[in-house]
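What follows is protein.cif (mmCIF, C-alpha atoms).
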```
data_entry
loop_
_atom_site.label_atom_id
_atom_site.label_comp_id
_atom_site.auth_asym_id
_atom_site.auth_seq_id
_atom_site.Cartn_x
_atom_site.Cartn_y
_atom_site.Cartn_z
CA MET A 1 99.04 -53.86 -25.98
CA HIS A 2 98.12 -53.40 -22.33
CA GLU A 3 96.04 -56.58 -22.66
CA LEU A 4 98.98 -58.58 -21.29
CA SER A 5 99.12 -56.37 -18.18
CA ILE A 6 95.36 -56.75 -17.81
CA ALA A 7 95.55 -60.54 -18.22
CA SER A 8 98.30 -60.70 -15.56
CA SER A 9 96.17 -58.59 -13.20
CA ILE A 10 93.26 -61.00 -13.72
CA VAL A 11 95.49 -63.99 -12.88
CA ASP A 12 96.75 -62.25 -9.71
CA SER A 13 93.25 -61.29 -8.51
CA VAL A 14 91.72 -64.69 -9.21
CA THR A 15 94.65 -66.54 -7.63
CA GLU A 16 94.17 -64.45 -4.48
CA SER A 17 90.47 -65.29 -4.35
CA LEU A 18 91.27 -68.99 -4.73
CA ALA A 19 92.98 -69.02 -1.32
CA ALA A 20 89.54 -69.69 0.16
CA TYR A 21 89.11 -72.77 -2.09
CA PRO A 22 92.23 -74.90 -1.77
CA GLY A 23 92.80 -77.28 -4.66
CA ALA A 24 90.11 -75.67 -6.81
CA ARG A 25 90.52 -75.41 -10.56
CA VAL A 26 89.17 -72.42 -12.47
CA VAL A 27 86.78 -73.32 -15.29
CA GLU A 28 85.72 -69.84 -16.37
CA VAL A 29 86.48 -66.20 -15.60
CA ARG A 30 83.64 -63.76 -16.34
CA LEU A 31 84.49 -60.14 -17.13
CA ARG A 32 82.42 -57.00 -17.60
CA VAL A 33 84.19 -54.64 -19.99
CA GLY A 34 82.81 -51.25 -20.97
CA ALA A 35 83.01 -50.03 -24.55
CA LEU A 36 85.11 -47.09 -23.31
CA ALA A 37 87.66 -49.34 -21.60
CA ALA A 38 89.81 -49.65 -24.75
CA VAL A 39 90.26 -53.40 -24.46
CA VAL A 40 90.54 -55.52 -27.59
CA GLU A 41 88.89 -58.85 -26.80
CA ASP A 42 90.87 -60.99 -29.29
CA SER A 43 94.08 -59.62 -27.91
CA LEU A 44 92.93 -60.16 -24.33
CA GLN A 45 91.91 -63.77 -25.09
CA PHE A 46 95.34 -64.43 -26.56
CA CYS A 47 97.17 -62.84 -23.61
CA PHE A 48 94.92 -64.64 -21.11
CA GLY A 49 96.08 -67.96 -22.59
CA LEU A 50 99.71 -66.93 -22.08
CA ALA A 51 99.26 -65.42 -18.64
CA THR A 52 97.41 -68.42 -17.20
CA GLU A 53 99.99 -71.04 -18.19
CA GLY A 54 101.28 -72.85 -15.12
CA THR A 55 98.73 -71.19 -12.82
CA PRO A 56 95.50 -72.53 -11.27
CA LEU A 57 93.75 -70.72 -14.14
CA ALA A 58 95.40 -72.79 -16.87
CA GLY A 59 92.84 -73.92 -19.41
CA ALA A 60 90.08 -71.66 -18.04
CA ARG A 61 87.67 -69.97 -20.44
CA LEU A 62 87.49 -66.20 -20.51
CA ALA A 63 83.94 -64.89 -20.98
CA VAL A 64 83.82 -61.20 -21.82
CA LYS A 65 80.56 -59.30 -21.55
CA THR A 66 80.86 -55.99 -23.42
CA LEU A 67 78.79 -53.14 -22.03
CA PRO A 68 77.69 -50.27 -24.27
CA VAL A 69 78.14 -46.68 -23.15
CA VAL A 70 75.17 -45.29 -21.24
CA VAL A 71 74.91 -41.54 -20.66
CA TYR A 72 72.55 -39.55 -18.48
CA CYS A 73 70.90 -36.46 -19.95
CA VAL A 74 69.82 -33.76 -17.50
CA GLY A 75 67.37 -32.20 -19.96
CA CYS A 76 65.56 -35.48 -20.67
CA ALA A 77 66.09 -36.75 -17.11
CA ARG A 78 66.94 -40.20 -18.41
CA SER A 79 69.80 -42.59 -19.08
CA ASP A 80 70.24 -44.09 -22.51
CA GLU A 81 72.62 -46.25 -24.49
CA ILE A 82 74.58 -44.53 -27.20
CA VAL A 83 75.88 -46.06 -30.40
CA GLY A 84 79.67 -45.98 -30.58
CA VAL A 85 81.96 -44.02 -28.31
CA GLN A 86 82.93 -41.01 -30.39
CA SER A 87 80.17 -38.60 -29.53
CA LEU A 88 78.70 -38.33 -26.06
CA ARG A 89 75.27 -37.02 -27.02
CA CYS A 90 71.87 -37.91 -25.61
CA PRO A 91 70.18 -40.13 -28.24
CA THR A 92 66.83 -38.45 -27.53
CA CYS A 93 67.59 -34.72 -27.68
CA GLY A 94 71.13 -34.68 -29.12
CA GLU A 95 72.67 -32.61 -26.32
CA LEU A 96 76.26 -33.31 -25.23
CA THR A 97 76.67 -34.85 -21.79
CA MET A 98 79.69 -35.79 -19.70
CA ASP A 99 77.64 -37.94 -17.33
CA VAL A 100 78.77 -41.44 -18.34
CA ARG A 101 76.81 -44.01 -16.30
CA GLN A 102 78.20 -47.12 -17.93
CA GLY A 103 81.01 -47.98 -20.33
CA ARG A 104 84.22 -47.57 -18.32
CA GLU A 105 83.99 -50.96 -16.52
CA LEU A 106 86.97 -53.26 -16.36
CA GLU A 107 85.78 -55.82 -13.81
CA ILE A 108 85.93 -59.46 -12.87
CA GLU A 109 82.29 -60.31 -12.29
CA ALA A 110 82.66 -63.93 -11.13
CA ILE A 111 84.64 -67.10 -11.52
CA GLU A 112 83.38 -70.62 -12.03
CA ILE A 113 85.49 -73.19 -10.19
CA ASP A 114 85.65 -76.95 -9.75
CA GLU A 115 86.26 -77.66 -6.11
CA ALA A 116 88.45 -80.55 -5.10
CA GLU A 117 86.75 -83.33 -3.12
CA VAL A 118 87.54 -82.90 0.55
CA GLN A 119 89.24 -86.02 1.90
CA VAL A 120 87.72 -87.03 5.24
CA MET B 1 84.03 -82.44 -8.05
CA THR B 2 81.53 -79.71 -7.38
CA THR B 3 81.17 -76.68 -9.53
CA ARG B 4 80.66 -73.38 -7.85
CA ILE B 5 80.23 -69.79 -9.04
CA VAL B 6 82.14 -67.29 -6.92
CA GLU B 7 81.00 -63.69 -7.31
CA LEU B 8 84.02 -61.37 -7.24
CA ARG B 9 82.76 -58.05 -8.61
CA GLN B 10 86.12 -56.32 -8.42
CA GLY B 11 88.07 -54.01 -10.66
CA ILE B 12 90.72 -55.78 -12.69
CA LEU B 13 93.14 -52.93 -12.03
CA LYS B 14 92.17 -52.70 -8.36
CA LYS B 15 95.79 -52.82 -7.16
CA ASN B 16 96.81 -49.95 -9.44
CA ASP B 17 93.71 -47.97 -8.43
CA GLU B 18 94.52 -48.42 -4.72
CA LEU B 19 98.16 -47.38 -5.20
CA ALA B 20 97.05 -44.38 -7.26
CA ARG B 21 94.60 -43.33 -4.56
CA ALA B 22 97.39 -43.49 -1.95
CA LEU B 23 99.68 -41.44 -4.20
CA ARG B 24 96.97 -38.85 -4.74
CA GLY B 25 96.64 -38.56 -0.97
CA ARG B 26 100.39 -38.02 -0.62
CA PHE B 27 100.45 -35.40 -3.39
CA THR B 28 97.50 -33.53 -1.89
CA ALA B 29 99.01 -33.59 1.60
CA ALA B 30 102.31 -32.28 0.20
CA GLY B 31 100.53 -29.52 -1.74
CA VAL B 32 102.04 -30.48 -5.10
CA LEU B 33 99.89 -30.32 -8.23
CA VAL B 34 100.47 -33.40 -10.41
CA PHE B 35 99.91 -33.76 -14.15
CA ASN B 36 99.93 -36.89 -16.32
CA LEU B 37 100.86 -36.04 -19.92
CA VAL B 38 99.71 -38.56 -22.50
CA SER B 39 100.09 -38.64 -26.29
CA SER B 40 101.30 -40.69 -29.25
CA PRO B 41 105.05 -40.99 -29.78
CA GLY B 42 106.31 -37.90 -31.61
CA THR B 43 103.57 -35.46 -30.57
CA GLY B 44 106.13 -33.27 -28.87
CA LYS B 45 105.43 -33.99 -25.19
CA THR B 46 109.08 -33.53 -24.28
CA ALA B 47 109.53 -30.24 -26.17
CA PHE B 48 106.27 -28.93 -24.67
CA LEU B 49 107.35 -29.99 -21.19
CA GLU B 50 110.89 -28.55 -21.63
CA ARG B 51 109.39 -25.16 -22.35
CA THR B 52 106.85 -25.50 -19.53
CA LEU B 53 109.51 -26.43 -16.95
CA ARG B 54 111.86 -23.67 -18.06
CA THR B 55 109.20 -20.97 -17.98
CA LEU B 56 107.80 -22.09 -14.61
CA ARG B 57 111.30 -22.08 -13.11
CA GLU B 58 111.99 -18.60 -14.47
CA GLY B 59 108.82 -17.50 -12.72
CA GLY B 60 110.13 -18.86 -9.43
CA ALA B 61 108.07 -22.07 -9.23
CA SER B 62 109.51 -25.30 -7.89
CA VAL B 63 108.97 -28.06 -10.47
CA ALA B 64 110.03 -31.65 -11.12
CA ALA B 65 109.32 -34.27 -13.75
CA LEU B 66 109.15 -38.02 -14.16
CA VAL B 67 109.44 -39.31 -17.68
CA GLY B 68 108.47 -42.76 -18.89
CA ASP B 69 110.02 -44.55 -21.83
CA LEU B 70 110.48 -48.15 -22.86
CA GLU B 71 114.25 -47.66 -23.09
CA THR B 72 116.81 -44.76 -23.08
CA ASP B 73 117.08 -41.72 -20.84
CA ASN B 74 117.21 -39.27 -23.76
CA ASP B 75 114.05 -37.42 -22.70
CA ALA B 76 115.16 -37.14 -19.07
CA ARG B 77 118.44 -35.59 -20.19
CA ARG B 78 116.60 -33.10 -22.40
CA LEU B 79 114.23 -32.13 -19.60
CA ALA B 80 117.03 -31.90 -17.02
CA ALA B 81 118.60 -29.13 -19.14
CA SER B 82 115.82 -26.90 -17.76
CA GLY B 83 117.50 -27.22 -14.35
CA ALA B 84 114.52 -29.04 -12.82
CA PRO B 85 114.99 -32.37 -11.03
CA VAL B 86 114.03 -35.09 -13.51
CA ARG B 87 113.91 -38.87 -13.24
CA GLN B 88 113.60 -41.41 -16.00
CA ILE B 89 111.31 -44.42 -15.61
CA ASN B 90 112.29 -47.20 -18.01
CA THR B 91 109.38 -49.59 -18.40
CA HIS B 92 111.39 -52.16 -20.42
CA GLY B 93 108.67 -53.06 -22.87
CA ILE B 94 105.58 -52.08 -20.87
CA CYS B 95 103.61 -49.61 -22.97
CA HIS B 96 102.33 -47.36 -20.15
CA LEU B 97 103.26 -46.12 -16.68
CA GLU B 98 101.63 -47.67 -13.61
CA ALA B 99 101.12 -46.13 -10.17
CA GLU B 100 103.66 -48.51 -8.63
CA MET B 101 106.41 -47.26 -11.00
CA VAL B 102 105.63 -43.64 -10.11
CA GLY B 103 105.69 -44.40 -6.38
CA ARG B 104 109.05 -46.15 -6.68
CA HIS B 105 110.65 -43.14 -8.38
CA LEU B 106 109.68 -40.55 -5.77
CA ASP B 107 112.15 -41.73 -3.10
CA GLY B 108 114.37 -38.95 -1.84
CA TRP B 109 112.24 -36.15 -3.28
CA GLU B 110 110.76 -33.77 -0.72
CA LEU B 111 107.32 -33.44 -2.32
CA SER B 112 106.26 -30.61 -0.02
CA THR B 113 108.94 -28.36 -1.56
CA LEU B 114 107.42 -28.78 -5.04
CA ASP B 115 104.69 -26.68 -6.64
CA TYR B 116 104.24 -28.85 -9.74
CA LEU B 117 105.16 -32.39 -10.71
CA PHE B 118 104.77 -33.47 -14.34
CA ILE B 119 104.64 -37.13 -15.30
CA GLU B 120 105.36 -37.66 -18.99
CA ASN B 121 103.80 -41.00 -19.88
CA VAL B 122 105.10 -43.49 -22.44
CA GLY B 123 104.13 -42.39 -25.96
CA ASN B 124 100.90 -44.35 -26.51
CA LEU B 125 97.27 -43.31 -26.92
CA VAL B 126 95.62 -46.55 -25.82
CA CYS B 127 97.11 -48.17 -22.75
CA PRO B 128 97.79 -45.19 -20.45
CA SER B 129 94.06 -44.39 -20.35
CA SER B 130 93.33 -47.30 -17.98
CA TYR B 131 96.09 -46.52 -15.48
CA ASP B 132 95.53 -43.87 -12.86
CA LEU B 133 98.88 -42.50 -11.65
CA GLY B 134 97.46 -40.44 -8.80
CA GLU B 135 97.53 -37.31 -10.94
CA ARG B 136 95.12 -34.46 -10.38
CA ILE B 137 95.01 -33.45 -14.05
CA ARG B 138 95.38 -35.68 -17.09
CA VAL B 139 96.48 -33.86 -20.23
CA ALA B 140 96.09 -35.42 -23.67
CA LEU B 141 98.31 -33.93 -26.36
CA LEU B 142 97.92 -34.15 -30.11
CA SER B 143 100.02 -32.50 -32.78
CA VAL B 144 98.76 -30.88 -35.96
CA THR B 145 100.93 -33.31 -37.93
CA GLU B 146 98.89 -36.28 -36.63
CA GLY B 147 95.63 -35.05 -38.12
CA GLU B 148 92.44 -33.63 -36.67
CA ASP B 149 90.72 -37.02 -36.40
CA LYS B 150 93.02 -38.36 -33.65
CA PRO B 151 90.34 -37.94 -30.97
CA LEU B 152 87.93 -40.06 -33.05
CA LYS B 153 90.51 -42.82 -33.35
CA TYR B 154 91.40 -42.86 -29.64
CA PRO B 155 88.20 -41.80 -27.90
CA THR B 156 88.92 -43.54 -24.59
CA LEU B 157 92.04 -41.55 -23.90
CA PHE B 158 90.57 -38.20 -24.89
CA ASN B 159 87.44 -38.97 -22.87
CA SER B 160 89.57 -39.57 -19.78
CA ALA B 161 91.49 -36.29 -20.13
CA ASP B 162 90.87 -33.08 -18.19
CA ALA B 163 92.66 -30.87 -20.70
CA ALA B 164 93.88 -31.18 -24.28
CA VAL B 165 96.95 -29.55 -25.79
CA ILE B 166 97.33 -29.20 -29.53
CA THR B 167 101.06 -28.98 -30.28
CA LYS B 168 103.15 -27.73 -33.23
CA ILE B 169 100.54 -25.18 -34.33
CA ASP B 170 103.34 -23.37 -36.19
CA LEU B 171 103.01 -26.27 -38.68
CA ALA B 172 99.20 -26.14 -38.91
CA GLU B 173 99.08 -24.42 -42.28
CA PRO B 174 101.63 -26.54 -44.19
CA CYS B 175 99.93 -29.66 -42.76
CA GLY B 176 96.47 -28.52 -43.82
CA PHE B 177 95.30 -29.04 -40.24
CA ASP B 178 91.53 -28.58 -39.91
CA ARG B 179 91.38 -26.71 -36.61
CA GLU B 180 87.60 -26.47 -36.41
CA ALA B 181 87.24 -30.22 -36.94
CA ALA B 182 89.84 -30.98 -34.25
CA LEU B 183 88.10 -28.76 -31.70
CA HIS B 184 84.73 -30.27 -32.63
CA HIS B 185 85.94 -33.87 -32.23
CA LEU B 186 87.54 -33.13 -28.87
CA ASN B 187 84.36 -31.55 -27.61
CA GLU B 188 82.16 -34.43 -28.81
CA ILE B 189 84.27 -36.97 -26.90
CA ARG B 190 84.96 -34.86 -23.82
CA PRO B 191 82.34 -32.12 -23.68
CA GLY B 192 83.66 -28.90 -22.16
CA ILE B 193 87.33 -29.95 -22.22
CA ARG B 194 89.88 -27.11 -21.88
CA ILE B 195 91.89 -26.89 -25.10
CA PHE B 196 95.24 -25.16 -25.57
CA GLU B 197 96.73 -24.50 -29.01
CA THR B 198 100.48 -24.30 -28.61
CA SER B 199 103.88 -24.29 -30.22
CA ALA B 200 106.89 -25.10 -28.06
CA LYS B 201 109.02 -23.66 -30.85
CA THR B 202 107.45 -20.20 -31.18
CA GLY B 203 105.91 -20.06 -27.71
CA ALA B 204 102.40 -19.55 -29.12
CA GLY B 205 99.67 -20.46 -26.66
CA MET B 206 102.12 -21.06 -23.81
CA ALA B 207 100.89 -18.03 -21.85
CA GLU B 208 97.33 -19.43 -21.73
CA TRP B 209 98.66 -22.83 -20.67
CA LEU B 210 100.76 -21.29 -17.89
CA ASP B 211 97.79 -19.21 -16.71
CA TYR B 212 95.80 -22.44 -16.51
CA LEU B 213 98.55 -24.10 -14.44
CA ALA B 214 98.61 -21.17 -12.04
CA ALA B 215 94.81 -21.13 -11.72
CA GLU B 216 94.66 -24.88 -11.08
CA ARG B 217 97.43 -24.58 -8.50
CA ALA B 218 95.57 -21.78 -6.72
CA ALA B 219 92.34 -23.84 -6.81
CA SER B 220 94.06 -26.97 -5.46
CA ALA B 221 95.66 -25.04 -2.60
CA ARG B 222 92.28 -23.84 -1.40
#
```
If you convert what's in this file into structure tokens, what do you get?
Amino acid sequence: MHELSIASSIVDSVTESLAAYPGARVVEVRLRVGALAAVVEDSLQFCFGLATEGTPLAGARLAVKTLPVVVYCVGCARSDEIVGVQSLRCPTCGELTMDVRQGRELEIEAIEIDEAEVQV
Amino acid sequence: MTTRIVELRQGILKKNDELARALRGRFTAAGVLVFNLVSSPGTGKTAFLERTLRTLREGGASVAALVGDLETDNDARRLAASGAPVRQINTHGICHLEAEMVGRHLDGWELSTLDYLFIENVGNLVCPSSYDLGERIRVALLSVTEGEDKPLKYPTLFNSADAAVITKIDLAEPCGFDREAALHHLNEIRPGIRIFETSAKTGAGMAEWLDYLAAERAASAR
């Protein structure tokens, strides 16, 4: 259940970024989450709702893009997606590889905000 | 109202990562080798660490430990019986240790006088995998009583580990533990991982583990 810690970290980071946009309201937060990041989306969605209450993120949508694991195989000299996360083998030749090129991400990609009208 | 997309492209756990990086710098400068021990509750991290601390101290090494738990200081008291300085970190409901908690519990310790520092994480095989504590070596432990498929169930944690310790091997036979399958699963998820098969009760496998500690310490001092 580290999803609550993760949701709180998202709120902190986004709130910091909002300093440049006074009065703005967050409509959507877009995440990139690797399959190896051990994040349960349902749980994160639930915790995000709790963590955003009373913050400038209240009511914002959370869009989670899940990224499959991609490994690089030296023998085949290519990167490829693997199915699942339990066996780090090149899908072409079947050799084990530790070179994970994608799948560990836990990132905020972007936020969509509604900016307040500037009073002149 | 105008709608705008603001690209952030930043790690969600950026703050923890930055604190962990600073800690790693401090540990390296002080010449102390730091381990983060992670497992389910009940794997035997504390018994394994008790024996490790005691044996290292008998060999003249300077060691210390931080131990994380939701509540109670039972583990810290057990570990302190080895004579090593030990501090308890109570997370009060948080299911993993974070770099900030580690940093806060180092006050007053002269890190440069230590050879090894062990951080025993909260018993949990999911959450600790995302939180770097500034350790040099992450050790994932699994006991024979938990079953050989543990690495398949918690691939993220085993993938993030530098070494694996199988505990309670004195119980392997009564538990019907499939050793070959366990070693296979570990190697599929973390190819080339160093694996130690140990019993804190009988001392089996502890010599190999202690040799590994000494070799890593020598390598880190270079």
Counting all atoms listed in the file, chain B residues within 8 Å of chain A, as JSON, numbers by chain | {"B": [1, 2, 3, 4, 5, 6, 7, 8, 9, 10, 11, 12, 13, 94, 95, 96, 126, 127, 130, 152, 155, 156, 185, 188, 189, 190, 191]}
In the coordinates of the file, take the point (105.5, -19.5, -27.3) and a cut-off of 12 Å; then, counting all atoms listed in the file, name each qualifying protein, DNA or RNA residue as a list in words.
-> Ala47, Phe48, Glu50, Arg51, Thr52, Arg54, Thr55, Thr167, Lys168, Ile169, Asp170, Phe196, Glu197, Thr198, Ser199, Ala200, Lys201, Thr202, Gly203, Ala204, Gly205, Met206, Ala207, Glu208, Trp209 and Leu210 of chain B
Hey, what comes out of the PyMOL selection byres ((chain B and resi 181) around 12) on this file? Could you write it as a list in words?
-> Val144, Gly147, Glu148, Asp149, Lys150, Pro151, Leu152, Gly176, Phe177, Asp178, Arg179, Glu180, Ala182, Leu183, His184, His185, Leu186, Asn187 and Glu188 of chain B
Take the residues from that selection and put them in a file with C-alpha atoms, as a compact mmCIF listing (two decimals), in the coordinates of the input.
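Below is the file again_38.txt, written as the result:
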```txt
# COMPACT_ATOMS: atom_id res chain seq x y z
CA VAL B 144 98.76 -30.88 -35.96
CA GLY B 147 95.63 -35.05 -38.12
CA GLU B 148 92.44 -33.63 -36.67
CA ASP B 149 90.72 -37.02 -36.40
CA LYS B 150 93.02 -38.36 -33.65
CA PRO B 151 90.34 -37.94 -30.97
CA LEU B 152 87.93 -40.06 -33.05
CA GLY B 176 96.47 -28.52 -43.82
CA PHE B 177 95.30 -29.04 -40.24
CA ASP B 178 91.53 -28.58 -39.91
CA ARG B 179 91.38 -26.71 -36.61
CA GLU B 180 87.60 -26.47 -36.41
CA ALA B 182 89.84 -30.98 -34.25
CA LEU B 183 88.10 -28.76 -31.70
CA HIS B 184 84.73 -30.27 -32.63
CA HIS B 185 85.94 -33.87 -32.23
CA LEU B 186 87.54 -33.13 -28.87
CA ASN B 187 84.36 -31.55 -27.61
CA GLU B 188 82.16 -34.43 -28.81
```
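From CA of Lys15 in chain B back to CA of Ala58 in chain A, the distance works out to 22.2 Å.
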Within 7 Å of (99.2, -36.3, -20.5), in the coordinates the file gives, what residues turn up when you count only C-alpha atoms, written out as an MDAnalysis selection string?
-> chainID B and resid 35:39 120:121 138:141
State, in Å with one decimal place, the distance from CA of Cys90 in chain A to CA of Tyr72 in chain A.
-> 7.3 Å
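For the structure in this document, the set picked by the PyMOL selection byres ((chain B and resi 116) around 8) is Val32, Leu33, Val34, Phe35, Ala61, Ser62, Val63, Ala64, Leu114, Asp115, Leu117 and Phe118 of chain B.
Between Gly75 in chain A and the candidates A:Arg61, A:Gly94, A:Thr15, A:Asp42, the tightest atom-to-atom separation, counting only C-alpha atoms, involves A:Gly94.
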Could you check how far CA of Asp162 in chain B sits from CA of Asp132 in chain B, in Å to one decimal?
->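 Between CA of Asp162 in chain B and CA of Asp132 in chain B the gap is 12.9 Å.
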Enclosing box along x, y and z for every listed atom of range 22-27 of chain B, padded 4 Å each side, centre and size in Å, one decimal, as lines of an AutoDock Vina configuration file:
```
center_x = 98.5
center_y = -39.4
center_z = -2.7
size_x = 11.8
size_y = 16.1
size_z = 12.1
```
Within 6 Å of Gln88 in chain B using only C-alpha atoms, minus same-chain residues under 2 positions, as a list in words =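 Once the adjacent positions are removed, what remains is Leu66, Val67, Asp73 and Ala76 of chain B.
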Closest to Glu98 in chain B among B:Asn74, B:Thr113, B:Ser143, B:Ser129, using only C-alpha atoms?
->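 Of B:Asn74, B:Thr113, B:Ser143, B:Ser129, the one nearest Glu98 in chain B is B:Ser129, counting only C-alpha atoms.
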When distances are computed from only C-alpha atoms, which of B:Ile195, B:Val165, B:Cys175, B:Ala218 shows the smallest separation from Gly44 in chain B?
->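 Answer, going by the shortest atom-to-atom distance: B:Val165.
Using all atoms listed in the file, the shortest contact distance between Arg57 in chain B and any of B:Gly83, B:Gly93, B:Pro174, B:Gly103 is found at B:Gly83.
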For the structure shown, which residues end up in the PyMOL selection byres ((chain A and resi 49) around 10)? Put them as a list in words, please?
->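 Applied to this file, the PyMOL selection byres ((chain A and resi 49) around 10) selects Leu4, Ala7, Leu44, Gln45, Phe46, Cys47, Phe48, Leu50, Ala51, Thr52, Glu53, Leu57, Ala58, Gly59, Ala60, Arg61 and Leu62 of chain A.
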Of the residues A:Val100, A:Val64, A:Val40, A:Val69, which is the one nearest to Ile82 in chain A, using all atoms listed in the file?
->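 Of A:Val100, A:Val64, A:Val40, A:Val69, the one nearest Ile82 in chain A, counting all atoms listed in the file, is A:Val69.
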